[in-house]
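Peer 1: So that you have it, the file is my_file-v7.txt, and it contains compact mmCIF, C-alpha atoms and all ligand atoms:
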# COMPACT_ATOMS: atom_id res chain seq x y z
CA MET A 122 -1.83 5.35 -30.43
CA ASP A 123 1.38 7.11 -29.42
CA PHE A 124 1.75 7.57 -25.70
CA ASN A 125 4.03 10.27 -24.39
CA ARG A 126 4.94 8.53 -21.11
CA THR A 127 4.98 4.92 -20.02
CA VAL A 128 4.43 4.21 -16.34
CA LEU A 129 5.03 0.85 -14.66
CA VAL A 130 3.11 0.33 -11.41
CA THR A 131 4.07 -2.81 -9.48
CA GLY A 132 1.40 -4.07 -7.08
CA GLY A 133 -1.18 -2.13 -9.08
CA SER A 134 -3.95 -4.59 -8.23
CA GLY A 135 -3.63 -4.08 -4.47
CA PHE A 136 -5.42 -1.50 -2.35
CA ILE A 137 -3.25 1.57 -2.94
CA GLY A 138 -1.94 0.35 -6.29
CA SER A 139 -5.43 0.02 -7.78
CA HIS A 140 -6.35 3.55 -6.69
CA LEU A 141 -3.08 4.79 -8.19
CA VAL A 142 -3.58 2.90 -11.46
CA CYS A 143 -7.18 4.17 -11.78
CA SER A 144 -6.06 7.78 -11.17
CA LEU A 145 -3.23 7.52 -13.70
CA VAL A 146 -5.34 5.84 -16.40
CA HIS A 147 -8.24 8.28 -16.05
CA ARG A 148 -6.23 11.48 -15.55
CA HIS A 149 -3.66 10.73 -18.24
CA PRO A 150 -5.14 9.08 -21.34
CA GLU A 151 -1.96 10.17 -23.14
CA TRP A 152 0.15 7.95 -20.86
CA LYS A 153 0.46 4.18 -21.06
CA ILE A 154 -0.01 2.55 -17.66
CA ILE A 155 1.35 -0.96 -17.10
CA ASN A 156 0.37 -2.88 -13.98
CA LEU A 157 2.66 -5.75 -12.91
CA ASP A 158 1.03 -7.81 -10.19
CA ASN A 159 0.93 -11.49 -9.30
CA LEU A 160 -2.61 -11.19 -7.81
CA ASP A 161 -1.84 -12.26 -4.28
CA TYR A 162 -4.69 -13.18 -1.91
CA CYS A 163 -5.39 -9.51 -1.06
CA CYS A 164 -6.50 -8.54 -4.60
CA SER A 165 -9.83 -8.47 -6.33
CA PRO A 166 -10.00 -8.07 -10.12
CA ARG A 167 -13.05 -5.86 -9.47
CA SER A 168 -10.74 -3.15 -8.09
CA LEU A 169 -9.66 -2.36 -11.65
CA GLU A 170 -13.00 -2.77 -13.44
CA SER A 171 -13.11 0.92 -14.33
CA VAL A 172 -9.88 0.73 -16.35
CA GLU A 173 -9.74 -2.77 -17.77
CA ASN A 174 -11.06 -1.76 -21.19
CA ARG A 175 -9.06 1.42 -21.49
CA THR A 176 -6.60 1.45 -24.36
CA ASN A 177 -3.90 3.07 -22.20
CA TYR A 178 -3.95 0.25 -19.61
CA ILE A 179 -2.03 -3.03 -19.72
CA PHE A 180 -2.09 -5.73 -17.07
CA ILE A 181 0.77 -8.20 -16.70
CA ARG A 182 0.24 -11.00 -14.26
CA GLY A 183 3.64 -11.91 -12.88
CA ASP A 184 6.09 -11.92 -10.05
CA VAL A 185 8.28 -8.89 -9.43
CA CYS A 186 10.96 -11.30 -8.17
CA ASN A 187 11.20 -12.96 -11.59
CA PRO A 188 14.22 -11.32 -13.31
CA ARG A 189 13.43 -12.85 -16.70
CA LEU A 190 9.97 -11.32 -16.74
CA VAL A 191 11.02 -7.97 -15.30
CA ASN A 192 13.97 -7.62 -17.70
CA HIS A 193 11.63 -8.51 -20.56
CA ILE A 194 9.23 -5.72 -19.56
CA PHE A 195 12.05 -3.18 -19.55
CA SER A 196 13.43 -4.37 -22.88
CA SER A 197 10.06 -4.43 -24.64
CA GLU A 198 8.60 -1.21 -23.22
CA ASN A 199 10.17 2.23 -22.87
CA ILE A 200 9.41 2.66 -19.19
CA ASP A 201 9.75 6.28 -18.08
CA ILE A 202 8.38 6.06 -14.56
CA ILE A 203 8.15 3.30 -11.99
CA PHE A 204 5.90 3.30 -8.93
CA HIS A 205 7.04 0.32 -6.89
CA LEU A 206 4.28 -0.87 -4.55
CA ALA A 207 4.36 -4.67 -4.93
CA ALA A 208 4.92 -6.08 -1.47
CA LYS A 209 3.73 -8.38 1.22
CA THR A 210 2.04 -5.96 3.60
CA HIS A 211 0.30 -7.64 6.53
CA VAL A 212 2.36 -7.11 9.69
CA GLU A 213 0.85 -10.08 11.58
CA ALA A 214 1.63 -12.41 8.68
CA SER A 215 5.22 -11.16 8.57
CA PHE A 216 5.86 -12.81 11.96
CA GLU A 217 4.60 -16.14 10.64
CA SER A 218 6.28 -16.05 7.26
CA PRO A 219 9.20 -13.59 7.36
CA SER A 220 11.01 -15.27 4.47
CA SER A 221 8.20 -14.58 2.01
CA PHE A 222 8.31 -10.91 3.07
CA GLN A 223 12.05 -10.86 2.54
CA GLU A 224 11.64 -12.49 -0.88
CA VAL A 225 9.02 -10.12 -2.25
CA ASN A 226 9.86 -6.89 -0.45
CA VAL A 227 13.66 -7.03 -0.66
CA GLU A 228 14.51 -9.40 -3.51
CA GLY A 229 11.64 -8.06 -5.62
CA THR A 230 12.94 -4.53 -5.15
CA ARG A 231 16.46 -5.62 -6.08
CA VAL A 232 15.26 -7.32 -9.26
CA LEU A 233 13.19 -4.30 -10.28
CA LEU A 234 15.97 -1.80 -9.55
CA GLY A 235 18.53 -3.85 -11.47
CA ALA A 236 16.28 -4.14 -14.51
CA ALA A 237 15.29 -0.47 -14.42
CA HIS A 238 18.87 0.69 -14.06
CA GLN A 239 20.13 -1.49 -16.91
CA ALA A 240 17.26 -0.68 -19.25
CA ARG A 241 18.18 0.64 -22.67
CA HIS A 242 15.56 3.37 -22.25
CA GLN A 243 16.52 5.07 -18.99
CA PRO A 244 13.63 5.73 -16.57
CA GLN A 245 13.19 9.29 -15.31
CA ARG A 246 11.80 8.30 -11.90
CA PHE A 247 11.73 5.27 -9.62
CA ILE A 248 9.30 6.00 -6.81
CA TYR A 249 9.43 3.55 -3.92
CA ILE A 250 6.36 3.49 -1.69
CA SER A 251 7.63 2.84 1.82
CA THR A 252 6.02 3.20 5.23
CA ASP A 253 6.22 5.15 8.50
CA GLU A 254 6.79 1.78 10.18
CA VAL A 255 10.47 1.90 9.17
CA TYR A 256 10.98 4.48 11.96
CA GLY A 257 9.69 2.13 14.63
CA ALA A 258 7.37 3.42 17.32
CA SER A 259 7.63 6.62 19.31
CA LEU A 260 5.67 7.97 22.25
CA ARG A 261 6.96 11.55 22.06
CA GLU A 262 9.44 12.02 19.20
CA VAL A 263 7.92 13.09 15.88
CA PHE A 264 9.98 11.61 13.07
CA ASP A 265 11.25 13.57 10.11
CA GLU A 266 12.98 12.13 7.06
CA SER A 267 16.41 12.23 8.74
CA SER A 268 15.33 10.25 11.81
CA PRO A 269 17.05 6.89 12.28
CA LEU A 270 15.30 3.76 11.08
CA ARG A 271 14.39 1.31 13.84
CA PRO A 272 11.91 -1.13 12.29
CA SER A 273 10.46 -3.45 14.91
CA ASN A 274 8.61 -6.10 12.92
CA PRO A 275 9.64 -8.27 9.94
CA TYR A 276 7.41 -6.34 7.51
CA ALA A 277 8.94 -2.99 8.48
CA ALA A 278 12.46 -4.48 8.46
CA THR A 279 12.02 -5.65 4.87
CA LYS A 280 10.65 -2.25 3.82
CA ALA A 281 13.68 -0.57 5.45
CA ALA A 282 16.07 -3.02 3.78
CA ALA A 283 14.46 -2.30 0.42
CA GLU A 284 14.79 1.43 1.06
CA TYR A 285 18.54 1.00 1.60
CA LEU A 286 18.81 -0.83 -1.71
CA VAL A 287 16.85 1.92 -3.47
CA ARG A 288 19.04 4.61 -1.90
CA SER A 289 22.21 2.76 -2.91
CA TYR A 290 21.21 3.20 -6.57
CA TRP A 291 21.04 6.95 -6.01
CA ASP A 292 24.35 6.99 -4.13
CA GLN A 293 26.18 4.77 -6.64
CA TYR A 294 24.65 5.71 -9.97
CA LYS A 295 22.52 8.82 -9.39
CA PHE A 296 19.62 6.66 -10.55
CA PRO A 297 16.60 9.00 -10.09
CA ILE A 298 14.83 7.50 -7.10
CA ILE A 299 12.35 9.04 -4.67
CA ILE A 300 11.18 7.31 -1.48
CA THR A 301 7.86 7.98 0.25
CA ARG A 302 7.09 6.98 3.84
CA SER A 303 3.38 7.18 4.54
CA ASN A 304 1.11 6.76 7.50
CA ASN A 305 -1.69 4.18 7.48
CA ILE A 306 -3.73 4.60 4.35
CA TYR A 307 -7.43 3.72 4.38
CA GLY A 308 -10.44 3.89 2.09
CA PRO A 309 -12.70 1.80 -0.16
CA ARG A 310 -11.50 -1.60 -1.48
CA GLN A 311 -8.90 -2.26 1.21
CA TYR A 312 -8.56 -5.97 1.97
CA THR A 313 -10.26 -7.08 5.16
CA GLU A 314 -7.10 -8.01 7.08
CA LYS A 315 -6.30 -4.31 7.75
CA VAL A 316 -7.86 -2.72 10.81
CA ILE A 317 -10.67 -0.53 9.41
CA PRO A 318 -12.08 -3.09 6.93
CA ARG A 319 -11.57 -5.82 9.54
CA PHE A 320 -13.76 -4.00 12.06
CA LEU A 321 -16.33 -3.11 9.39
CA THR A 322 -16.52 -6.68 8.11
CA LEU A 323 -16.90 -8.12 11.59
CA LEU A 324 -19.67 -5.66 12.44
CA GLN A 325 -21.46 -6.41 9.17
CA MET A 326 -21.39 -10.10 10.14
CA ASP A 327 -22.89 -9.14 13.55
CA LYS A 328 -19.59 -10.00 15.24
CA LYS A 329 -17.65 -7.92 17.76
CA CYS A 330 -14.60 -5.81 16.86
CA THR A 331 -11.63 -7.75 18.18
CA ILE A 332 -9.16 -5.35 19.76
CA GLN A 333 -5.70 -6.81 20.18
CA GLY A 334 -4.20 -6.18 23.61
CA THR A 335 -5.06 -3.51 26.14
CA LEU A 336 -2.22 -1.05 25.42
CA PRO A 337 -3.24 2.43 24.16
CA LYS A 338 -2.37 1.81 20.51
CA SER A 339 -3.14 4.53 18.00
CA ARG A 340 -2.56 5.04 14.30
CA HIS A 341 -2.42 8.03 11.96
CA PHE A 342 -4.91 7.56 9.12
CA LEU A 343 -4.61 9.13 5.69
CA PHE A 344 -7.40 8.81 3.13
CA VAL A 345 -6.30 6.99 0.00
CA SER A 346 -7.00 9.84 -2.46
CA ASP A 347 -4.76 12.16 -0.40
CA ALA A 348 -1.97 9.59 -0.56
CA ILE A 349 -2.39 9.21 -4.33
CA ASN A 350 -2.27 13.00 -4.75
CA ALA A 351 0.96 13.05 -2.75
CA PHE A 352 2.55 10.35 -4.95
CA LEU A 353 1.51 12.15 -8.15
CA LEU A 354 2.79 15.48 -6.84
CA LEU A 355 6.11 13.86 -5.97
CA LEU A 356 6.32 12.48 -9.48
CA GLU A 357 6.15 16.02 -10.88
CA LYS A 358 7.84 18.08 -8.15
CA GLY A 359 9.77 15.72 -5.90
CA ILE A 360 13.55 16.04 -5.87
CA VAL A 361 15.43 12.93 -6.93
CA GLY A 362 17.43 11.18 -4.24
CA GLU A 363 15.08 12.52 -1.55
CA ILE A 364 12.75 10.89 0.96
CA TYR A 365 9.31 12.33 1.73
CA ASN A 366 7.07 11.56 4.66
CA VAL A 367 3.40 11.47 3.67
CA GLY A 368 1.58 12.10 6.91
CA THR A 369 -1.49 13.30 8.66
CA SER A 370 -2.25 14.80 12.04
CA CYS A 371 -5.32 12.55 12.24
CA GLU A 372 -4.27 10.20 15.05
CA ILE A 373 -6.97 7.84 16.28
CA PRO A 374 -6.67 5.44 19.21
CA ILE A 375 -7.68 1.97 17.97
CA ILE A 376 -10.32 1.62 20.67
CA GLN A 377 -11.85 4.96 19.67
CA LEU A 378 -11.81 3.83 16.04
CA ALA A 379 -13.70 0.66 16.97
CA ARG A 380 -16.29 2.63 18.97
CA GLU A 381 -16.75 5.11 16.14
CA LEU A 382 -17.34 2.31 13.64
CA VAL A 383 -19.77 0.56 16.02
CA ARG A 384 -21.80 3.79 16.25
CA MET A 385 -21.78 4.23 12.46
CA VAL A 386 -22.57 0.62 11.52
CA LYS A 387 -24.72 -0.68 14.36
CA LYS A 388 -26.35 2.65 15.31
CA VAL A 389 -26.76 1.43 18.93
CA PRO A 390 -27.28 3.66 21.99
CA GLU A 391 -24.06 4.84 23.65
CA SER A 392 -24.59 2.46 26.57
CA GLU A 393 -24.35 -0.52 24.18
CA VAL A 394 -21.28 0.51 22.16
CA ASN A 395 -18.83 -1.40 24.39
CA ASP A 396 -20.90 -4.58 23.93
CA TRP A 397 -19.51 -4.71 20.37
CA LEU A 398 -15.85 -4.74 21.50
CA GLU A 399 -13.86 -7.81 22.45
CA PHE A 400 -10.29 -7.74 23.76
CA VAL A 401 -8.03 -10.51 22.47
CA PRO A 402 -4.35 -11.25 23.21
CA ASP A 403 -1.71 -9.30 21.28
CA ARG A 404 1.97 -9.88 20.44
CA PRO A 405 4.19 -9.18 23.47
CA ARG A 406 5.68 -6.08 21.84
CA VAL A 407 3.61 -3.92 19.59
CA ASP A 408 4.31 -0.42 18.27
CA LEU A 409 1.99 2.06 19.98
CA ARG A 410 2.17 4.92 17.48
CA TYR A 411 4.17 6.27 14.51
CA PRO A 412 4.09 10.08 14.48
CA ILE A 413 5.76 11.75 11.48
CA LYS A 414 6.27 15.30 10.18
CA CYS A 415 5.69 15.94 6.51
CA GLU A 416 6.82 19.55 6.07
CA LYS A 417 9.03 18.62 3.11
CA LEU A 418 6.02 17.40 1.18
CA GLN A 419 3.87 20.34 2.30
CA GLN A 420 6.51 22.73 0.96
CA LEU A 421 5.78 21.28 -2.48
CA GLY A 422 2.13 22.31 -2.03
CA TRP A 423 0.52 19.12 -0.68
CA ARG A 424 -2.20 19.18 1.96
CA ALA A 425 -4.50 16.33 3.02
CA GLU A 426 -7.87 17.41 1.66
CA VAL A 427 -10.19 14.71 2.98
CA SER A 428 -11.09 15.10 6.66
CA TRP A 429 -11.36 12.03 8.87
CA THR A 430 -15.12 12.56 9.15
CA GLU A 431 -15.52 12.58 5.38
CA GLY A 432 -13.01 9.80 4.67
CA ILE A 433 -14.48 7.37 7.18
CA ARG A 434 -18.02 8.24 6.02
CA GLN A 435 -17.07 7.35 2.42
CA THR A 436 -15.30 4.19 3.58
CA VAL A 437 -18.17 2.93 5.75
CA LYS A 438 -20.62 3.67 2.92
CA TRP A 439 -18.49 1.75 0.42
CA TYR A 440 -18.30 -1.36 2.64
CA ARG A 441 -22.06 -1.11 3.28
CA ASP A 442 -22.78 -0.83 -0.47
CA ASN A 443 -20.33 -3.62 -1.44
CA PRO A 444 -20.79 -6.36 1.17
CA ASP A 445 -19.80 -9.12 -1.29
CA PHE A 446 -16.66 -7.50 -2.66
CA TRP A 447 -14.44 -9.62 -0.43
CA SER A 448 -17.04 -12.36 -0.21
CA ASP A 449 -14.69 -15.26 0.44
CA ILE A 450 -13.49 -13.74 3.69
CA SER A 451 -14.20 -15.58 6.88
CA GLU A 452 -12.88 -14.88 10.33
CA ASP A 453 -11.16 -18.25 10.52
CA GLN A 454 -9.30 -17.81 7.29
CA PRO A 455 -5.52 -17.92 7.73
CA PRO A 456 -3.85 -14.66 6.74
CA ILE A 457 -1.66 -16.26 4.08
CA ARG A 458 -3.43 -18.44 1.57
CA ARG A 459 -1.37 -18.41 -1.59
CA GLU A 460 2.28 -18.40 -0.70
CA PHE A 461 4.34 -18.58 -3.86
CA GLU A 462 1.34 -19.89 -5.74
CA ASN A 463 2.03 -17.41 -8.50
CA ALA A 464 5.76 -17.94 -8.76
CA THR A 465 5.25 -19.02 -12.33
CA THR A 466 4.46 -16.21 -14.67
CA THR A 467 1.49 -15.47 -16.82
CA VAL A 468 1.89 -12.49 -19.06
CA VAL A 469 -1.45 -11.07 -20.13
CA PRO A 470 -0.63 -8.26 -22.54
CA ILE A 471 -4.25 -7.19 -22.90
CA SER A 472 -6.41 -4.80 -20.95
CA SER A 473 -8.00 -7.42 -18.77
CA GLU A 474 -7.35 -9.40 -15.64
CA SER A 475 -9.34 -12.48 -16.52
N1 LIG B 501 -1.70 0.39 3.27
C1 LIG B 501 -0.94 1.22 3.97
O1 LIG B 501 -1.40 1.77 4.97
C2 LIG B 501 0.48 1.53 3.53
C3 LIG B 501 1.15 2.58 4.17
C4 LIG B 501 2.45 2.89 3.76
C5 LIG B 501 3.05 2.16 2.74
N2 LIG B 501 2.38 1.15 2.15
C6 LIG B 501 3.05 0.43 1.05
O2 LIG B 501 2.27 0.61 -0.11
C7 LIG B 501 2.38 -0.56 -0.94
C8 LIG B 501 0.98 -1.07 -1.28
O3 LIG B 501 0.29 -1.35 -0.06
P1 LIG B 501 -1.22 -1.86 -0.06
O4 LIG B 501 -1.79 -1.48 1.25
O5 LIG B 501 -1.88 -1.47 -1.30
O6 LIG B 501 -0.97 -3.42 -0.03
P2 LIG B 501 -1.75 -4.63 -0.69
O7 LIG B 501 -1.33 -5.80 0.12
O8 LIG B 501 -3.19 -4.31 -0.84
O9 LIG B 501 -1.13 -4.71 -2.16
C9 LIG B 501 0.11 -5.30 -2.43
C10 LIG B 501 0.11 -5.68 -3.89
O10 LIG B 501 1.36 -6.27 -4.21
C11 LIG B 501 1.10 -7.42 -5.02
N3 LIG B 501 2.21 -8.35 -4.90
C12 LIG B 501 2.58 -9.05 -3.80
N4 LIG B 501 3.62 -9.83 -4.09
C13 LIG B 501 3.93 -9.63 -5.41
C14 LIG B 501 4.90 -10.16 -6.28
N5 LIG B 501 5.79 -11.08 -5.86
N6 LIG B 501 4.92 -9.74 -7.56
C15 LIG B 501 4.02 -8.82 -8.01
N7 LIG B 501 3.06 -8.29 -7.20
C16 LIG B 501 3.02 -8.69 -5.92
C17 LIG B 501 -0.18 -7.99 -4.46
O11 LIG B 501 -0.81 -8.89 -5.37
C18 LIG B 501 -0.98 -6.72 -4.24
O12 LIG B 501 -1.65 -6.33 -5.40
C19 LIG B 501 3.21 -1.57 -0.18
O13 LIG B 501 4.53 -1.48 -0.68
C20 LIG B 501 3.16 -1.07 1.25
O14 LIG B 501 4.32 -1.41 1.96
C21 LIG B 501 1.09 0.80 2.52
In structure tokens, write the structure found in this file.
Ligand SMILES: NC(=O)c1ccc[n+]([C@@H]2O[C@H](COP(=O)([O-])OP(=O)(O)OC[C@H]3O[C@@H](n4cnc5c(N)ncnc54)[C@H](O)[C@@H]3O)[C@@H](O)[C@H]2O)c1
Peer 2:
Amino acid sequence: MDFNRTVLVTGGSGFIGSHLVCSLVHRHPEWKIINLDNLDYCCSPRSLESVENRTNYIFIRGDVCNPRLVNHIFSSENIDIIFHLAAKTHVEASFESPSSFQEVNVEGTRVLLGAAHQARHQPQRFIYISTDEVYGASLREVFDESSPLRPSNPYAATKAAAEYLVRSYWDQYKFPIIITRSNNIYGPRQYTEKVIPRFLTLLQMDKKCTIQGTLPKSRHFLFVSDAINAFLLLLEKGIVGEIYNVGTSCEIPIIQLARELVRMVKKVPESEVNDWLEFVPDRPRVDLRYPIKCEKLQQLGWRAEVSWTEGIRQTVKWYRDNPDFWSDISEDQPPIRREFENATTTVVPISSES
């Protein structure tokens, strides 16, 4: 079959990547979608079950930091569009293993950019999925795309460093990049180290939600389908060389989030909700909130469509209906289990992850 566009998604087996890959494969049967992912500990092959037999989907198991593999992909496929999501993403783990974050998030981005820029078939878009965390925290200031970057943890620092690399390819070569900076994204199939699935998993195991520290931390939460719609809109209407915040006004204090999930999962009387919370020590310095404006994206016609009430209802239902999806999770499990395990490459040029 002749495809009229070829899209490379890196990190397409992760939480956001798998939702993006599924949307692209189902919405665009006329496009060829290639997923490059090394299947880090946060992936489940079941996330891509709905596309694995589709003729317009190819999975390549490999490391984005491997120049030989990445150059080979660009020389053997006419890649038109790149969505670069492959990254180490767990903030806590980035304090314990900053070098692995630097390797994947910065070096991986450099390898991918170099290969894309030198490809015989020139890509039309390189979309880099970055984070609001590059701004650092703010109590009052609401960040727009021109605000200074003040990342305050190793994860955010590597995302900011990668952004500078991506922008340098626009500045130097007018290579057609777009950068997105999104709030916290949540929804079905997110790995259990992130806050919403962590609380849900603990409650399902009849354990208390562990709230780190006593400071009034809050996060802005965007439902995953709204984020995917933003990325796909930016592919069609985003201006090259530009940065777009992808944000939501839905700001939820972490303690309120925990209480809401206790009510939904445990269905206990109000007087017993606090019995399901446990306060544990936090890092000495933690970012309290990351408020962002996203008028630039809204001017292109984007609006978040899924309300918090609906998004969290769907998410809670999914974790209730799929209790074994992340079945090997246990509370004592260290956050990093497979450092560099996949440094060697397995190319699987068939529509399957097995
Ligand atoms: N989840 C959020 O709230 C959020 C918000 C803003 C931005 N982002 C960004 O979106 C992207 C995806 O985030 P996510 O939440 O889906 O994370 P995730 O941890 O679920 O997925 C990351 C994916 O990258 C893959 N990967 C890791 N190292 C790799 C390597 N060396 N080679 C190839 N693949 C590799 C993993 O296997 C995994 O599939 C990341 O770049 C992240 O910084 C996430």
Peer 1: Which one is closest to ligand LIG 501 (chain B): A:Glu262, A:Glu284, A:Asp184, A:Glu224? Count only C-alpha atoms and all ligand atoms.
Peer 2: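 Among the listed residues, A:Asp184 lies closest to ligand LIG 501 (chain B).
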Peer 1: Identify which of the residues A:Trp152, A:Phe124, A:Phe446, A:Phe352 lies closest to ligand LIG 501 (chain B), counting all atoms listed in the file when measuring atom-to-atom distances.
Peer 2: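 That would be A:Phe352, the residue with the smallest distance to ligand LIG 501 (chain B).
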Peer 1: In terms of the shortest atom-to-atom distance over all atoms listed in the file, which of A:Asp265, A:Asp123, A:Glu314, A:Glu173 is closest to ligand LIG 501 (chain B)?
Peer 2: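 Between A:Asp265, A:Asp123, A:Glu314, A:Glu173, the residue approaching ligand LIG 501 (chain B) most closely is A:Glu314.
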Peer 1: Hey, which bits of chain A sit within 8 Å of ligand LIG 501 (chain B), and for each residue what's the closest pair of atoms and how far apart in Å (one decimal), counting all atoms listed in the file, rows by chain and increasing number, as a tab-separated table?
Peer 2:
residue	atom	partner	partner_atom	distance
A:Thr131	CA	B:LIG501	N7	6.0
A:Gly132	CA	B:LIG501	O10	3.6
A:Gly133	CA	B:LIG501	O12	5.6
A:Ser134	CA	B:LIG501	O12	4.0
A:Gly135	CA	B:LIG501	O12	3.1
A:Phe136	CA	B:LIG501	O5	3.7
A:Ile137	CA	B:LIG501	O5	3.7
A:Gly138	CA	B:LIG501	O5	5.3
A:Ser139	CA	B:LIG501	O5	7.5
A:Leu157	CA	B:LIG501	C15	5.9
A:Asp158	CA	B:LIG501	N7	3.6
A:Asn159	CA	B:LIG501	C15	4.3
A:Leu160	CA	B:LIG501	O11	3.8
A:Asp161	CA	B:LIG501	O11	3.7
A:Tyr162	CA	B:LIG501	O11	6.7
A:Cys163	CA	B:LIG501	O7	5.6
A:Cys164	CA	B:LIG501	O12	5.4
A:Arg182	CA	B:LIG501	C15	7.6
A:Gly183	CA	B:LIG501	C15	5.8
A:Asp184	CA	B:LIG501	N6	3.5
A:Val185	CA	B:LIG501	N6	3.9
A:Cys186	CA	B:LIG501	N5	5.7
A:His205	CA	B:LIG501	O13	6.9
A:Leu206	CA	B:LIG501	O13	3.9
A:Ala207	CA	B:LIG501	O10	3.5
A:Ala208	CA	B:LIG501	C12	4.4
A:Lys209	CA	B:LIG501	C12	5.2
A:Thr210	CA	B:LIG501	O7	4.8
A:His211	CA	B:LIG501	O7	6.9
A:Glu224	CA	B:LIG501	N5	7.8
A:Val225	CA	B:LIG501	N5	4.9
A:Asn226	CA	B:LIG501	O13	7.6
A:Gly229	CA	B:LIG501	N5	6.6
A:Tyr249	CA	B:LIG501	O13	7.7
A:Ile250	CA	B:LIG501	O2	5.2
A:Ser251	CA	B:LIG501	C5	4.7
A:Thr252	CA	B:LIG501	C4	3.9
A:Asp253	CA	B:LIG501	C4	6.5
A:Glu254	CA	B:LIG501	C4	7.8
A:Lys280	CA	B:LIG501	O14	6.7
A:Thr301	CA	B:LIG501	C5	8.0
A:Arg302	CA	B:LIG501	C4	6.2
A:Ser303	CA	B:LIG501	C4	4.5
A:Asn304	CA	B:LIG501	C3	5.3
A:Asn305	CA	B:LIG501	O1	3.5
A:Ile306	CA	B:LIG501	O1	3.7
A:Tyr307	CA	B:LIG501	O1	6.4
A:Gln311	CA	B:LIG501	O8	6.4
A:Tyr312	CA	B:LIG501	O8	6.3
A:Lys315	CA	B:LIG501	N1	8.0
A:Phe342	CA	B:LIG501	O1	7.9
A:Phe461	CA	B:LIG501	N5	7.9
A:Asn463	CA	B:LIG501	N5	7.8
A:Ala464	CA	B:LIG501	N5	7.4
Peer 1: Calculated over all atoms listed in the file, which of the candidates A:Ile413, A:Ala277, A:Ala425, A:Ala282 has the smallest distance to Leu260 in chain A?
Peer 2: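 Residue with the minimum atom-to-atom distance to Leu260 in chain A: A:Ile413.
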Peer 1: Got a sec to check which residues sit within 12 Å of (-16.6, 5.5, 6.5), counting all atoms listed in the file, and write them as a PyMOL selection string?
Peer 2: chain A and resi 307-310+317-318+320-321+344+378-379+381-386+427-442
Peer 1: In Å, rounded to a single decimal, give me how far CA of Leu233 in chain A is from CA of Val191 in chain A.
Peer 2: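 Computing it gives 6.6 Å between the two atoms.
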Peer 1: List as an mmCIF file with C-alpha atoms, keeping the file's coordinate frame the protein and nucleic acid residues near Ile375 in chain A, meaning an atom at most 10 Å away when only C-alpha atoms are counted, but skip any in the same chain fewer than 3 places from it.
Peer 2:
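Here's the written file out-v1.cif:
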data_model
loop_
_atom_site.group_PDB
_atom_site.id
_atom_site.type_symbol
_atom_site.label_atom_id
_atom_site.label_comp_id
_atom_site.auth_asym_id
_atom_site.auth_seq_id
_atom_site.Cartn_x
_atom_site.Cartn_y
_atom_site.Cartn_z
ATOM 1 C CA VAL A 316 -7.860 -2.720 10.810
ATOM 2 C CA ILE A 317 -10.670 -0.530 9.410
ATOM 3 C CA ILE A 332 -9.160 -5.350 19.760
ATOM 4 C CA GLN A 333 -5.700 -6.810 20.180
ATOM 5 C CA LEU A 336 -2.220 -1.050 25.420
ATOM 6 C CA PRO A 337 -3.240 2.430 24.160
ATOM 7 C CA LYS A 338 -2.370 1.810 20.510
ATOM 8 C CA SER A 339 -3.140 4.530 18.000
ATOM 9 C CA ARG A 340 -2.560 5.040 14.300
ATOM 10 C CA GLU A 372 -4.270 10.200 15.050
ATOM 11 C CA LEU A 378 -11.810 3.830 16.040
ATOM 12 C CA ALA A 379 -13.700 0.660 16.970
ATOM 13 C CA ARG A 380 -16.290 2.630 18.970
ATOM 14 C CA GLU A 381 -16.750 5.110 16.140
ATOM 15 C CA LEU A 409 1.990 2.060 19.980
#
Peer 1: For Leu286 in chain A, work out the shell of residues within 10 Å, counting all atoms listed in the file and skipping chain neighbours fewer than 2 positions away, then give it as JSON, numbers by chain.
Peer 2: {"A": [227, 228, 230, 231, 234, 280, 281, 282, 283, 284, 288, 289, 290, 291, 292]}
Peer 1: Could you tell me how far CA of Pro219 in chain A sits from CA of Ile298 in chain A, in Å to one decimal place?
Peer 2: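 That distance, rounded to one decimal, is 26.2 Å.
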